[in-house]
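Structure file start08.cif (mmCIF, C-alpha atoms) follows.
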```
data_upload
#
loop_
_atom_site.label_atom_id
_atom_site.label_comp_id
_atom_site.auth_asym_id
_atom_site.auth_seq_id
_atom_site.Cartn_x
_atom_site.Cartn_y
_atom_site.Cartn_z
CA MET R 1 0.00 0.00 0.00
CA ARG R 2 1.30 3.48 -0.92
CA MET R 3 0.99 5.53 2.23
CA GLU R 4 3.54 8.33 1.76
CA LYS R 5 2.39 11.93 1.31
CA VAL R 6 -1.33 11.15 1.52
CA PRO R 7 -3.23 14.42 2.19
CA ASP R 8 -4.66 14.66 5.69
CA ILE R 9 -8.10 15.48 4.28
CA VAL R 10 -8.09 12.05 2.61
CA ILE R 11 -7.12 10.33 5.86
CA GLY R 12 -10.00 12.18 7.52
CA ARG R 13 -12.51 10.58 5.14
CA LEU R 14 -11.28 7.00 5.63
CA PRO R 15 -13.07 6.54 8.99
CA LEU R 16 -16.32 7.59 7.26
CA TYR R 17 -15.81 4.88 4.66
CA LEU R 18 -14.99 2.35 7.37
CA ARG R 19 -18.11 3.22 9.37
CA ALA R 20 -20.32 2.93 6.28
CA LEU R 21 -18.81 -0.44 5.39
CA THR R 22 -19.37 -1.68 8.94
CA GLN R 23 -23.02 -0.65 8.72
CA MET R 24 -23.40 -2.34 5.35
CA SER R 25 -21.90 -5.54 6.72
CA ALA R 26 -24.31 -5.45 9.68
CA GLU R 27 -27.18 -5.11 7.20
CA GLY R 28 -26.06 -8.31 5.50
CA SER R 29 -24.36 -6.86 2.42
CA SER R 30 -21.18 -8.46 1.12
CA VAL R 31 -20.41 -6.28 -1.91
CA THR R 32 -20.68 -2.54 -2.49
CA SER R 33 -19.60 0.10 -4.98
CA SER R 34 -18.33 3.66 -4.89
CA HIS R 35 -21.84 4.74 -5.97
CA ASP R 36 -23.41 2.96 -2.98
CA LEU R 37 -20.93 4.60 -0.62
CA ALA R 38 -21.51 7.97 -2.29
CA ARG R 39 -25.26 7.77 -1.69
CA ARG R 40 -24.73 6.99 1.98
CA LEU R 41 -22.06 9.57 2.65
CA GLY R 42 -22.82 12.50 0.36
CA ILE R 43 -19.34 12.27 -1.13
CA SER R 44 -18.94 11.85 -4.88
CA SER R 45 -18.16 8.38 -6.15
CA ALA R 46 -15.20 9.81 -8.05
CA GLN R 47 -13.77 11.25 -4.83
CA ILE R 48 -14.19 7.92 -3.05
CA ARG R 49 -12.41 6.05 -5.82
CA LYS R 50 -9.62 8.66 -5.85
CA ASP R 51 -9.19 8.44 -2.07
CA LEU R 52 -9.00 4.65 -2.05
CA SER R 53 -6.60 4.62 -4.99
CA GLN R 54 -4.05 6.41 -2.79
CA PHE R 55 -3.54 3.08 -1.02
CA GLY R 56 -3.90 0.53 -3.81
CA GLU R 57 -6.55 -1.22 -5.86
CA PHE R 58 -9.33 -2.71 -3.73
CA GLY R 59 -12.11 -3.35 -6.24
CA LYS R 60 -12.74 -4.36 -9.82
CA GLN R 61 -14.68 -2.42 -12.41
CA GLY R 62 -18.10 -3.99 -12.81
CA THR R 63 -17.91 -6.02 -9.59
CA GLY R 64 -17.32 -3.34 -6.95
CA TYR R 65 -15.72 -3.85 -3.55
CA ASN R 66 -15.81 -6.86 -1.27
CA ILE R 67 -16.99 -5.23 1.95
CA SER R 68 -15.15 -7.55 4.33
CA PHE R 69 -11.86 -7.19 2.46
CA LEU R 70 -12.11 -3.41 2.14
CA ARG R 71 -12.97 -3.08 5.84
CA GLU R 72 -9.90 -5.10 6.78
CA GLN R 73 -7.68 -2.99 4.54
CA LEU R 74 -9.00 0.30 5.92
CA GLU R 75 -8.57 -0.95 9.48
CA LYS R 76 -4.92 -1.72 8.71
CA ILE R 77 -4.35 1.65 7.05
CA LEU R 78 -5.89 3.50 10.01
CA GLY R 79 -4.11 1.31 12.56
CA VAL R 80 -7.33 0.10 14.17
CA ASP R 81 -6.78 -3.55 13.34
CA LYS R 82 -5.55 -3.65 16.95
CA THR R 83 -6.80 -2.07 20.17
CA TRP R 84 -5.21 1.16 21.39
CA ASP R 85 -5.08 1.95 25.10
CA VAL R 86 -6.38 5.45 25.81
CA ALA R 87 -5.86 7.80 28.76
CA VAL R 88 -8.65 10.24 29.68
CA ILE R 89 -7.45 13.41 31.38
CA GLY R 90 -10.06 15.42 33.30
CA ILE R 91 -13.00 13.65 34.91
CA GLY R 92 -15.63 16.35 34.86
CA ASP R 93 -19.01 15.78 33.22
CA LEU R 94 -17.45 15.31 29.78
CA GLY R 95 -14.55 13.13 30.91
CA ARG R 96 -16.94 10.99 32.91
CA ALA R 97 -19.19 10.53 29.89
CA ILE R 98 -16.18 9.54 27.78
CA ALA R 99 -15.13 7.00 30.40
CA HIS R 100 -18.63 5.48 30.37
CA TYR R 101 -18.99 5.38 26.60
CA ALA R 102 -19.18 1.80 25.36
CA GLY R 103 -18.61 2.53 21.69
CA PHE R 104 -14.82 2.77 21.71
CA LEU R 105 -13.80 -0.83 22.23
CA HIS R 106 -15.28 -2.44 19.12
CA ARG R 107 -13.74 0.34 17.02
CA GLY R 108 -10.16 -0.06 18.18
CA PHE R 109 -9.87 1.93 21.42
CA GLN R 110 -9.99 1.04 25.10
CA VAL R 111 -10.02 3.56 27.95
CA CYS R 112 -7.52 2.17 30.44
CA CYS R 113 -6.64 5.03 32.79
CA LEU R 114 -8.24 8.19 34.18
CA TYR R 115 -6.55 11.25 35.68
CA ASP R 116 -7.82 14.33 37.51
CA SER R 117 -6.51 17.00 39.88
CA ASP R 118 -9.62 17.18 42.10
CA PRO R 119 -8.94 15.38 45.44
CA GLU R 120 -12.64 14.47 45.67
CA LYS R 121 -12.44 12.54 42.38
CA ILE R 122 -9.10 10.83 42.95
CA GLY R 123 -9.69 7.24 44.02
CA GLU R 124 -13.15 7.04 42.49
CA ILE R 125 -13.85 3.92 40.42
CA ILE R 126 -15.46 4.47 37.02
CA LYS R 127 -16.22 1.43 34.85
CA GLY R 128 -13.68 -0.53 36.87
CA ILE R 129 -10.92 2.09 36.46
CA LYS R 130 -9.53 4.08 39.37
CA VAL R 131 -9.18 7.84 38.93
CA GLN R 132 -5.56 8.75 39.65
CA SER R 133 -3.86 12.01 40.57
CA MET R 134 -2.44 14.19 37.82
CA ASP R 135 0.85 13.99 39.70
CA LEU R 136 1.11 10.37 38.58
CA MET R 137 0.09 10.96 34.96
CA VAL R 138 3.44 11.28 33.18
CA GLN R 139 5.00 8.31 34.92
CA GLY R 140 1.88 6.17 34.55
CA ILE R 141 1.44 6.86 30.85
CA ARG R 142 5.12 6.15 30.21
CA GLN R 143 4.97 2.86 32.08
CA MET R 144 1.87 1.73 30.19
CA ASN R 145 3.30 2.98 26.87
CA ILE R 146 0.06 4.79 26.05
CA LYS R 147 0.10 6.69 22.77
CA VAL R 148 -3.45 8.11 22.69
CA ALA R 149 -5.08 10.54 25.13
CA MET R 150 -8.35 12.42 25.38
CA LEU R 151 -8.05 15.83 26.96
CA ALA R 152 -11.15 17.09 28.82
CA VAL R 153 -9.64 19.65 31.18
CA PRO R 154 -10.49 23.36 31.60
CA LEU R 155 -9.06 25.83 29.11
CA SER R 156 -6.60 27.18 31.67
CA ALA R 157 -4.96 23.77 32.15
CA ALA R 158 -5.05 22.46 28.58
CA GLN R 159 -1.62 23.58 27.32
CA GLN R 160 0.28 22.42 30.40
CA VAL R 161 -1.42 19.02 30.33
CA ALA R 162 -0.72 18.71 26.59
CA ASP R 163 2.95 19.49 27.26
CA ASP R 164 3.04 16.76 29.92
CA LEU R 165 1.32 14.26 27.64
CA ALA R 166 3.91 14.88 24.93
CA LYS R 167 6.70 14.37 27.47
CA ALA R 168 5.06 11.10 28.50
CA GLY R 169 5.23 9.80 24.93
CA VAL R 170 1.64 10.38 23.80
CA ARG R 171 1.48 10.74 20.02
CA ALA R 172 -2.23 11.51 19.49
CA ILE R 173 -4.41 13.88 21.51
CA LEU R 174 -8.15 14.35 21.10
CA ASN R 175 -8.66 17.80 22.60
CA TYR R 176 -12.08 18.68 24.02
CA ALA R 177 -10.81 21.81 25.80
CA PRO R 178 -12.16 24.98 24.12
CA THR R 179 -8.74 26.19 23.00
CA SER R 180 -6.02 25.35 20.52
CA ILE R 181 -2.96 23.64 21.95
CA LYS R 182 0.60 23.56 20.67
CA VAL R 183 2.42 20.25 20.50
CA PRO R 184 5.84 19.10 19.29
CA GLU R 185 6.38 17.69 15.83
CA GLY R 186 5.27 14.07 15.76
CA VAL R 187 2.27 14.62 18.05
CA HIS R 188 -1.08 14.83 16.27
CA VAL R 189 -4.01 16.82 17.69
CA GLN R 190 -7.69 16.69 16.77
CA GLN R 191 -9.84 19.51 18.15
CA ILE R 192 -13.39 18.67 19.27
CA ASP R 193 -15.32 21.80 20.26
CA PRO R 194 -19.12 21.44 19.90
CA VAL R 195 -19.58 25.22 20.12
CA LEU R 196 -17.47 25.73 16.98
CA HIS R 197 -19.65 23.28 15.08
CA LEU R 198 -22.83 24.91 16.38
CA GLN R 199 -21.57 28.33 15.32
CA HIS R 200 -20.75 26.89 11.90
CA MET R 201 -24.30 25.56 11.51
CA THR R 202 -26.16 28.61 12.81
CA TYR R 203 -24.64 30.66 9.99
CA TYR R 204 -26.93 28.77 7.59
CA ILE R 205 -30.17 28.79 9.59
CA ASP R 206 -31.57 32.12 8.41
CA LYS R 207 -29.90 32.12 5.02
CA PRO R 208 -32.16 31.74 1.95
#
```
Whole structure, structure tokens version:
Amino acid sequence: MRMEKVPDIVIGRLPLYLRALTQMSAEGSSVTSSHDLARRLGISSAQIRKDLSQFGEFGKQGTGYNISFLREQLEKILGVDKTWDVAVIGIGDLGRAIAHYAGFLHRGFQVCCLYDSDPEKIGEIIKGIKVQSMDLMVQGIRQMNIKVAMLAVPLSAAQQVADDLAKAGVRAILNYAPTSIKVPEGVHVQQIDPVLHLQHMTYYIDKP
């Protein structure tokens, strides 16, 4: 598979394809086409074919894609053909909801440790996992060799925690804090701020 210099926007669409294929498989389908995927996702069939061609040839003209095979290939490309341990930092309402969410495991991620600075939360057990002090975070993440973290701390703490996560060896941070964070080269950040998405959508509400 050719994986060098693939645009990030293409990588961002691969999980959409994988999710659609998983749904198709659950519905009992075994074969699909770029046109079927396009109808489900609102992405042109030409774009889907172009995206997939960045990694090789997965289908045949006239016969389409074998769903099981294409799912397996996309899982390998995205690195979710294995389970990644995930640290959740900040056990407020959002962090607690993340810790309780059952949808991660069957999609390649497992929450394995929780950290917070609030003495009242430290020691609490959530889904069988003990909330630990932030003072233990860097050492704990290093020892467990965790590469993925979800950041759900207040804005004021986000950059310092991100710095500590990078020092601990984390390579991917999903940032729920309402601010942009700076990270060293080699650490990838995805920003999740619901307010930004709401503000994006409200622009269109009163437009003709």
- atom CA of R:Val138 sits from atom CA of R:Leu151 at a separation of 13.8 Å
- Of the candidates R:Lys5, R:Arg71, R:His197, R:Lys127, which shows the shortest atom-to-atom distance to R:Gln54, using all atoms listed in the file?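 Closest residue, counting all atoms listed in the file: R:Lys5.
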- Polymer residues at most 9 Å from R:Leu165, all atoms listed in the file, same-chain spacing of 3 or more positions, as a PyMOL selection string: chain R and resi 137-138+141+149+160-162+168-171+173
- Task: Quick one: apply the PyMOL selection byres ((chain R and resi 89) around 6) to the file and drop the selected residues here as a PyMOL selection string.
- Result: chain R and resi 88+90+114-115+151-152
- Message: Just to confirm, what's the straight-line distance from atom CA of R:Leu70 to atom CA of R:Val6 in Å (one decimal)?
- Response: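 Distance reported for this atom pair: 18.1 Å.
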- Task: Just the residues within 12 Å of R:Gly12, please, counting all atoms listed in the file, with nothing from its chain fewer than 6 positions along; format it as a list of chain:residue names.
- Result: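 Here the answer would be R:Val6, R:Leu18, R:Asp51, R:Ile77, R:Leu78, R:Gln190.
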- Matched chain/residue IDs from the PyMOL selection byres ((chain R and resi 62-68) around 12), as a ChimeraX atom specification: /R:17-37,45,48-49,52,57-61,69-75
May I have the residues from that selection written out with C-alpha atoms, as an mmCIF file, keeping the file's coordinate frame?
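Produced file again-v9.cif, reproduced below:
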```
data_model
loop_
_atom_site.group_PDB
_atom_site.id
_atom_site.type_symbol
_atom_site.label_atom_id
_atom_site.label_comp_id
_atom_site.auth_asym_id
_atom_site.auth_seq_id
_atom_site.Cartn_x
_atom_site.Cartn_y
_atom_site.Cartn_z
ATOM 1 C CA TYR R 17 -15.810 4.880 4.660
ATOM 2 C CA LEU R 18 -14.990 2.350 7.370
ATOM 3 C CA ARG R 19 -18.110 3.220 9.370
ATOM 4 C CA ALA R 20 -20.320 2.930 6.280
ATOM 5 C CA LEU R 21 -18.810 -0.440 5.390
ATOM 6 C CA THR R 22 -19.370 -1.680 8.940
ATOM 7 C CA GLN R 23 -23.020 -0.650 8.720
ATOM 8 C CA MET R 24 -23.400 -2.340 5.350
ATOM 9 C CA SER R 25 -21.900 -5.540 6.720
ATOM 10 C CA ALA R 26 -24.310 -5.450 9.680
ATOM 11 C CA GLU R 27 -27.180 -5.110 7.200
ATOM 12 C CA GLY R 28 -26.060 -8.310 5.500
ATOM 13 C CA SER R 29 -24.360 -6.860 2.420
ATOM 14 C CA SER R 30 -21.180 -8.460 1.120
ATOM 15 C CA VAL R 31 -20.410 -6.280 -1.910
ATOM 16 C CA THR R 32 -20.680 -2.540 -2.490
ATOM 17 C CA SER R 33 -19.600 0.100 -4.980
ATOM 18 C CA SER R 34 -18.330 3.660 -4.890
ATOM 19 C CA HIS R 35 -21.840 4.740 -5.970
ATOM 20 C CA ASP R 36 -23.410 2.960 -2.980
ATOM 21 C CA LEU R 37 -20.930 4.600 -0.620
ATOM 22 C CA SER R 45 -18.160 8.380 -6.150
ATOM 23 C CA ILE R 48 -14.190 7.920 -3.050
ATOM 24 C CA ARG R 49 -12.410 6.050 -5.820
ATOM 25 C CA LEU R 52 -9.000 4.650 -2.050
ATOM 26 C CA GLU R 57 -6.550 -1.220 -5.860
ATOM 27 C CA PHE R 58 -9.330 -2.710 -3.730
ATOM 28 C CA GLY R 59 -12.110 -3.350 -6.240
ATOM 29 C CA LYS R 60 -12.740 -4.360 -9.820
ATOM 30 C CA GLN R 61 -14.680 -2.420 -12.410
ATOM 31 C CA PHE R 69 -11.860 -7.190 2.460
ATOM 32 C CA LEU R 70 -12.110 -3.410 2.140
ATOM 33 C CA ARG R 71 -12.970 -3.080 5.840
ATOM 34 C CA GLU R 72 -9.900 -5.100 6.780
ATOM 35 C CA GLN R 73 -7.680 -2.990 4.540
ATOM 36 C CA LEU R 74 -9.000 0.300 5.920
ATOM 37 C CA GLU R 75 -8.570 -0.950 9.480
#
```
- Counting only C-alpha atoms, find the residues whose atoms lie at most 9 Å from (-4.5, 22.7, 25.1) (file coordinates) and write them out as JSON, numbers by chain. {"R": [151, 153, 154, 155, 156, 157, 158, 159, 160, 161, 162, 163, 175, 176, 177, 178, 179, 180, 181, 182, 183]}
- Residues near R:Ala172, cut-off 9 Å, only C-alpha atoms, skip fewer than 6 positions along chain, as a list in words: Lys147, Val148, Ala149, Met150, Ala166, Gly186, Val187, His188, Val189 and Gln190 of chain R
- Considering only C-alpha atoms, state which residue in the set R:Asn145, R:Ser117, R:Gln139, R:Ser44 is at the smallest distance from R:Asp164.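 Counting only C-alpha atoms, the residue closest to R:Asp164 is R:Gln139.
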Mind working out the centre and edge lengths of an axis-aligned box for stretch 70-89 of chain R, all listed atoms inside, 4 Å added to each side, rounded to one decimal in Å and written as AutoDock Vina command-line options?
```
--center_x -8.5 --center_y 4.2 --center_z 16.8 --size_x 16.9 --size_y 26.5 --size_z 37.2
```
- Query: Between R:Ala102, R:Met144, R:Ile205, R:Ile91, which has the minimum distance to R:Ile122 (counting only C-alpha atoms)?
  - Reply: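 That would be R:Ile91, the residue with the smallest distance to R:Ile122.
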- R:Ile125 environment, 12 Å, all atoms listed in the file, sequence neighbours closer than 6 positions dropped, as a PyMOL selection string: chain R and resi 91+96+99-100+112-115+131-132
- Distance of atom CA of R:Ile192 from atom CA of R:Arg142, expressed in Å to one decimal place: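 That distance, rounded to one decimal, is 24.9 Å.
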